[in-house]
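A.B. asks: I'd like to ask some things about the structure below.
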Number of protein chains: 2
Amino acid sequence: MTLKHEILLIEDEKNICNFIATTLRTQDYKVCFASDAANGLSLAASGCPDLILLDLGLPDMDGIDVIRSLREWSNIPIIVISARTQEKEKVEALDAGADDYITKPFGTSELMARIRTALRRSSMNNAPVAGQNRYAAKNLIIDYEKHVITVDGSIVHFTQIEYKILTFLARNSGKVITYDTLITHVWGPYADSNNRILRVNMANIRRKLEHNPADPQYIFTEIGIGYRMIDNENG
Amino acid sequence: MTLKHEILLIEDEKNICNFIATTLRTQDYKVCFASDAANGLSLAASGCPDLILLDLGLPDMDGIDVIRSLREWSNIPIIVISARTQEKEKVEALDAGADDYITKPFGTSELMARIRTALRRSSMNNAPVAGQNRYAAKNLIIDYEKHVITVDGSIVHFTQIEYKILTFLARNSGKVITYDTLITHVWGPYADSNNRILRVNMANIRRKLEHNPADPQYIFTEIGIGYRMIDNENG
DNA sequence: AGAAAACATCAAGAAAACGTTAAGAATGCG
DNA sequence: CGCATTCTTAACGTTTTCTTGATGTTTTCT
């Protein structure tokens with residue numbers, strides 16, 4: 001199915017926690033936990049989940065403040081789960097930045113549907129959150145969001161492996177990337193560390209990219225070490 | 001002091017309609033009405049509201065179909081208001097593309113908070129996608145509102161599934177859309193992620209669309225990733 | 001300069017991904 | 001119920017991509 005979304009569950013009641021986690025896992029989500037606000041906040045920051053399920057009744061901190069705290073730096077969708085049915089609570093949570101509010105007891109399938117809805121919406125944003133979503137240098141443009149590469153004004157097609165190599169170098173432009181690092185990134189940790197496969201791919205990449213592959217303008221070879229791509233001009 | 005948001009209310013019961021409209025106006029929203037689905041859909045297209053409040057129990061059309069119909073060409077936030085409390089209804093509406101679901105009777109302040117939440121989220125999108133209701137490139141024209149596709153000057157018929165695939169690609173023209181994304185959009189979140197069904201449909205689409213399907217001019221295959229449609233010429 | 005190491009390029013077979021056709025199943029309609 | 005359209009599945013041929021081996025070129029080192 002679609003690539004696994006990671007969901008952070010902040011909830012102190014063990015039973016509910018286990019129940020929700022199990023349900024989520026059967027739906028092919030990756031789940032991580034926190035049983036109090038402090039851990040929740042730090043996990044949200046370090047783990048970069050795709051969605052947060054937040055119980056308002058945490059022991060160490062007011063739920064509304066948890067939301068505010070998250071919203072100071074992040075747009076990750078937050079769905080509040082709460083036993084409090086009072087309207088005032090809902091309004092406060094939503095205005096603090098929550099995306100949805102479900103009251104216990106709730107149906108599993110409704111929760112799942114609301115999670116899908118929140119994820120769908122957030123994926124539409126394709127928000128330029130952390131990383132740069134565009135690389136440009138000389139006559140080369142890489143649009144990570146569109147997944148399209150332009151050379152001298154026209155779209156050029158790269159195979160999957162070529163695309164991975166190129167974008168990895170572009171994301172780390174200016175730095176020398178070792179053969180091992182590149183191979184591990186593209187073929188995984190168990191791949192043959194011999195770099196001949198990289199050389200073939202690099203030749204193909206350069207044929208599409210460079211006017212004269214023997215005198216490259218975009219990707220340079222650092223003999224014995226790896227490859228280095230010229231700096232991004234997009235700050 | 002924010003600029004007035006326009007809200008389209010599609011609801012057949014006069015009392016509720018008046019009540020909500022009055023409440024919205026006191027909160028400084030601009031409100032427009034429709035008492036059935038047909039009027040609602042055409043007002044949504046012509047008026048370009050910022051948010052839609054939709055009652056599922058309309059006389060002339062199934063509510064879920066109204067959502068689907070809207071989602072064919074628009075990302076305007078939709079909040080469903082319904083008397084039906086059954087979970088199945090909620091899941092269907094949310095999976096069809098609704099952004100939220102409130103059951104009657106509901107508190108006014110909760111409704112207002114959910115509206116604020118939906119508007120806040122949609123404004124984050126910088127909304128480049130929402131407006132356009134027409135796609136044109138080379139000799140292809142897609143009129144989302146009329147639901148009509150023209151190739152080389154004559155109207156060509158596409159089946160429902162073909163239409164969905166085509167319009168989704170068109171609305172995201174220029175981007176590579178992954179097989180998974182397309183499948184989820186057309187067949188829902190539970191569909192088989194194998195792309196063979198997409199391949200068959202794409203062959204059929206291309207037969208109707210391209211002069212030479214083996215050398216496509218409108219929809220390009222990005223092997224291993226997905227499909228990409230040529231940019232919209234309508235800005 | 002000469003040898004060795006490292007890299008670039010070319011070509012060919014194997015594997016994977018895609019396009020296309022056709023047939024049965026499901027759906028909708030008179 | 002029977003017909004027509006649409007949807008899905010299976011099968012097969014074609015194209016593209018991936019990997020490996022062979023060969024040529026550049027760089028490095030002695």
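Residue names in the structure tokens use chain letters A, B, ... in the order shown, residue numbers from 1 in each chain, and ligand numbers from 1 in the order shown.
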Name the residues in contact with DT28 in chain D at a cut-off of 9 Å, using only C-alpha atoms (C1' of nucleotides), excluding same-chain residues fewer than 4 positions from it; report them as a tab-separated table (two decimals) with N, CA and C atoms (P, O5', C5', C4', C3', O3' and C1' of nucleotides), in the first residue's frame.
C.D. replies:
chain	number	residue	atom	x	y	z
C	4	DA	P	52.86	-3.35	-12.74
C	4	DA	O5'	51.86	-2.56	-11.77
C	4	DA	C5'	52.41	-1.77	-10.71
C	4	DA	C4'	51.31	-0.91	-10.12
C	4	DA	C3'	49.96	-1.62	-9.99
C	4	DA	O3'	49.43	-1.33	-8.71
C	4	DA	C1'	49.70	0.37	-11.22
C	5	DA	P	48.14	-2.14	-8.16
C	5	DA	O5'	47.10	-0.97	-7.92
C	5	DA	C5'	47.55	0.26	-7.34
C	5	DA	C4'	46.61	1.38	-7.71
C	5	DA	C3'	45.12	1.04	-7.54
C	5	DA	O3'	44.53	1.97	-6.66
C	5	DA	C1'	45.53	2.03	-9.66
C	6	DA	P	43.02	1.78	-6.17
C	6	DA	O5'	42.24	2.84	-7.05
C	6	DA	C5'	42.73	4.17	-7.12
C	6	DA	C4'	41.98	4.93	-8.19
C	6	DA	C3'	40.46	4.66	-8.20
C	6	DA	O3'	39.78	5.90	-8.14
C	6	DA	C1'	41.35	4.39	-10.37
A.B. asks: For a quick test of understanding: name the residues of chain A lying within 12 Å of chain C when counting only C-alpha atoms (C1' of nucleotides), and present them as a VMD selection string.
C.D. replies: chain A and resid 159 to 160 194 to 204 206 to 207 213 to 215 220 to 227
A.B. asks: Provide as a list of chain:residue names the residues of chain A at most 7 Å from chain B, counting only C-alpha atoms.
C.D. replies: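 Interface list for chain A against chain B: A:Met1, A:Thr2, A:Glu87, A:Lys90, A:Val91, A:Leu94, A:Asp95, A:Asp99, A:Gly107, A:Ser109, A:Glu110, A:Ala113, A:Arg114, A:Thr117, A:Asn125, A:Lys146, A:His147, A:Gln160.
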A.B. asks: Compute the post-superposition RMSD of the C-alpha atoms of chain A relative to chain B, with atoms paired in order and the fit done by least squares.
C.D. replies: 16.8 Å
A.B. asks: Could you give me, as a VMD selection string, the residues within 12 Å of Ala38 in chain B, counting only C-alpha atoms (C1' of nucleotides) and dropping anything in the same chain fewer than 5 positions from it?
C.D. replies: chain B and resid 10 to 12 33 43 to 45 58 to 63 65 to 66 69 to 70
A.B. asks: Would you output that residue set with C-alpha atoms, as a CSV table (one decimal), in the first residue's frame?
C.D. replies:
chain,number,residue,atom,x,y,z
B,10,ILE,CA,-26.1,23.7,1.2
B,11,GLU,CA,-29.1,22.8,3.4
B,12,ASP,CA,-32.8,22.1,2.7
B,33,PHE,CA,-27.3,29.5,0.1
B,43,LEU,CA,-23.0,28.0,-6.8
B,44,ALA,CA,-19.8,26.3,-5.7
B,45,ALA,CA,-18.4,26.5,-9.2
B,58,LEU,CA,-30.6,16.7,0.4
B,59,PRO,CA,-33.7,15.9,-1.6
B,60,ASP,CA,-32.2,15.6,-5.1
B,61,MET,CA,-28.9,13.8,-4.7
B,62,ASP,CA,-27.0,11.6,-2.4
B,63,GLY,CA,-24.7,13.6,-0.1
B,65,ASP,CA,-22.0,12.0,-4.4
B,66,VAL,CA,-22.1,15.7,-3.9
B,69,SER,CA,-18.6,15.7,-7.4
B,70,LEU,CA,-17.0,18.7,-5.7
A.B. asks: Pick out the residues sitting within 12 Å of Glu13 in chain B, and hand them over as a PyMOL selection string; count only C-alpha atoms (C1' of nucleotides), and ignore anything fewer than 3 positions along from it in its own chain.
C.D. replies: chain B and resi 9-10+16-20+33-36+54-59+81-83
A.B. asks: Put those residues in a file: C-alpha atoms, as a PDB file, in the first residue's frame.
C.D. replies:
ATOM      1  CA  LEU B   9     -24.384  26.620   2.929  1.00  0.00           C
ATOM      2  CA  ILE B  10     -26.127  23.707   1.234  1.00  0.00           C
ATOM      3  CA  ILE B  16     -31.506  25.355  10.358  1.00  0.00           C
ATOM      4  CA  CYS B  17     -30.468  27.311   7.338  1.00  0.00           C
ATOM      5  CA  ASN B  18     -31.568  30.616   8.793  1.00  0.00           C
ATOM      6  CA  PHE B  19     -30.118  29.847  12.149  1.00  0.00           C
ATOM      7  CA  ILE B  20     -26.688  28.970  10.819  1.00  0.00           C
ATOM      8  CA  PHE B  33     -27.322  29.488   0.120  1.00  0.00           C
ATOM      9  CA  ALA B  34     -28.458  26.515  -1.803  1.00  0.00           C
ATOM     10  CA  SER B  35     -31.385  24.366  -0.822  1.00  0.00           C
ATOM     11  CA  ASP B  36     -30.538  21.435  -3.051  1.00  0.00           C
ATOM     12  CA  LEU B  54     -23.037  20.536   3.438  1.00  0.00           C
ATOM     13  CA  ASP B  55     -26.082  18.758   4.758  1.00  0.00           C
ATOM     14  CA  LEU B  56     -26.054  15.137   3.673  1.00  0.00           C
ATOM     15  CA  GLY B  57     -29.837  14.786   3.613  1.00  0.00           C
ATOM     16  CA  LEU B  58     -30.630  16.657   0.441  1.00  0.00           C
ATOM     17  CA  PRO B  59     -33.732  15.909  -1.613  1.00  0.00           C
ATOM     18  CA  ILE B  81     -23.528  18.485   8.798  1.00  0.00           C
ATOM     19  CA  SER B  82     -25.770  15.523   9.282  1.00  0.00           C
ATOM     20  CA  ALA B  83     -28.421  13.993  11.437  1.00  0.00           C
TER      21      ALA B  83
END
A.B. asks: What is the distance between CA of Arg171 in chain A and CA of Lys30 in chain A, in Å to one decimal?
C.D. replies: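 Here the two named atoms are 26.2 Å from each other.
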A.B. asks: With 9 Å as the limit and counting only C-alpha atoms (C1' of nucleotides), what residues in chain D lie close to chain B? Please list them as a tab-separated table (two decimals) with N, CA and C atoms (P, O5', C5', C4', C3', O3' and C1' of nucleotides), in the first residue's frame.
C.D. replies:
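Listing of selection21.tsv after writing:
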chain	number	residue	atom	x	y	z
D	6	DT	P	-19.03	3.05	-21.31
D	6	DT	O5'	-18.53	2.32	-19.98
D	6	DT	C5'	-19.38	2.30	-18.84
D	6	DT	C4'	-18.81	1.38	-17.80
D	6	DT	C3'	-17.32	1.58	-17.51
D	6	DT	O3'	-17.17	1.77	-16.11
D	6	DT	C1'	-17.81	-0.70	-17.81
D	8	DT	P	-12.50	-1.63	-11.13
D	8	DT	O5'	-11.97	-3.10	-11.45
D	8	DT	C5'	-12.66	-4.21	-10.91
D	8	DT	C4'	-12.14	-5.49	-11.51
D	8	DT	C3'	-10.66	-5.77	-11.25
D	8	DT	O3'	-10.57	-6.89	-10.38
D	8	DT	C1'	-11.30	-6.27	-13.50
D	9	DT	P	-9.13	-7.28	-9.74
D	9	DT	O5'	-8.65	-8.47	-10.67
D	9	DT	C5'	-9.60	-9.49	-11.02
D	9	DT	C4'	-9.04	-10.36	-12.14
D	9	DT	C3'	-7.56	-10.70	-12.03
D	9	DT	O3'	-7.43	-12.11	-11.93
D	9	DT	C1'	-8.14	-10.02	-14.23
D	16	DT	P	11.67	2.44	-24.98
D	16	DT	O5'	12.20	2.24	-23.49
D	16	DT	C5'	11.27	2.35	-22.42
D	16	DT	C4'	11.89	1.81	-21.15
D	16	DT	C3'	13.25	2.43	-20.81
D	16	DT	O3'	13.12	3.07	-19.55
D	16	DT	C1'	13.28	0.07	-20.55
D	17	DT	P	14.33	3.86	-18.91
D	17	DT	O5'	14.93	2.76	-17.93
D	17	DT	C5'	14.05	2.08	-17.03
D	17	DT	C4'	14.78	0.97	-16.32
D	17	DT	C3'	16.12	1.39	-15.70
D	17	DT	O3'	16.11	0.95	-14.35
D	17	DT	C1'	16.40	-0.56	-16.97
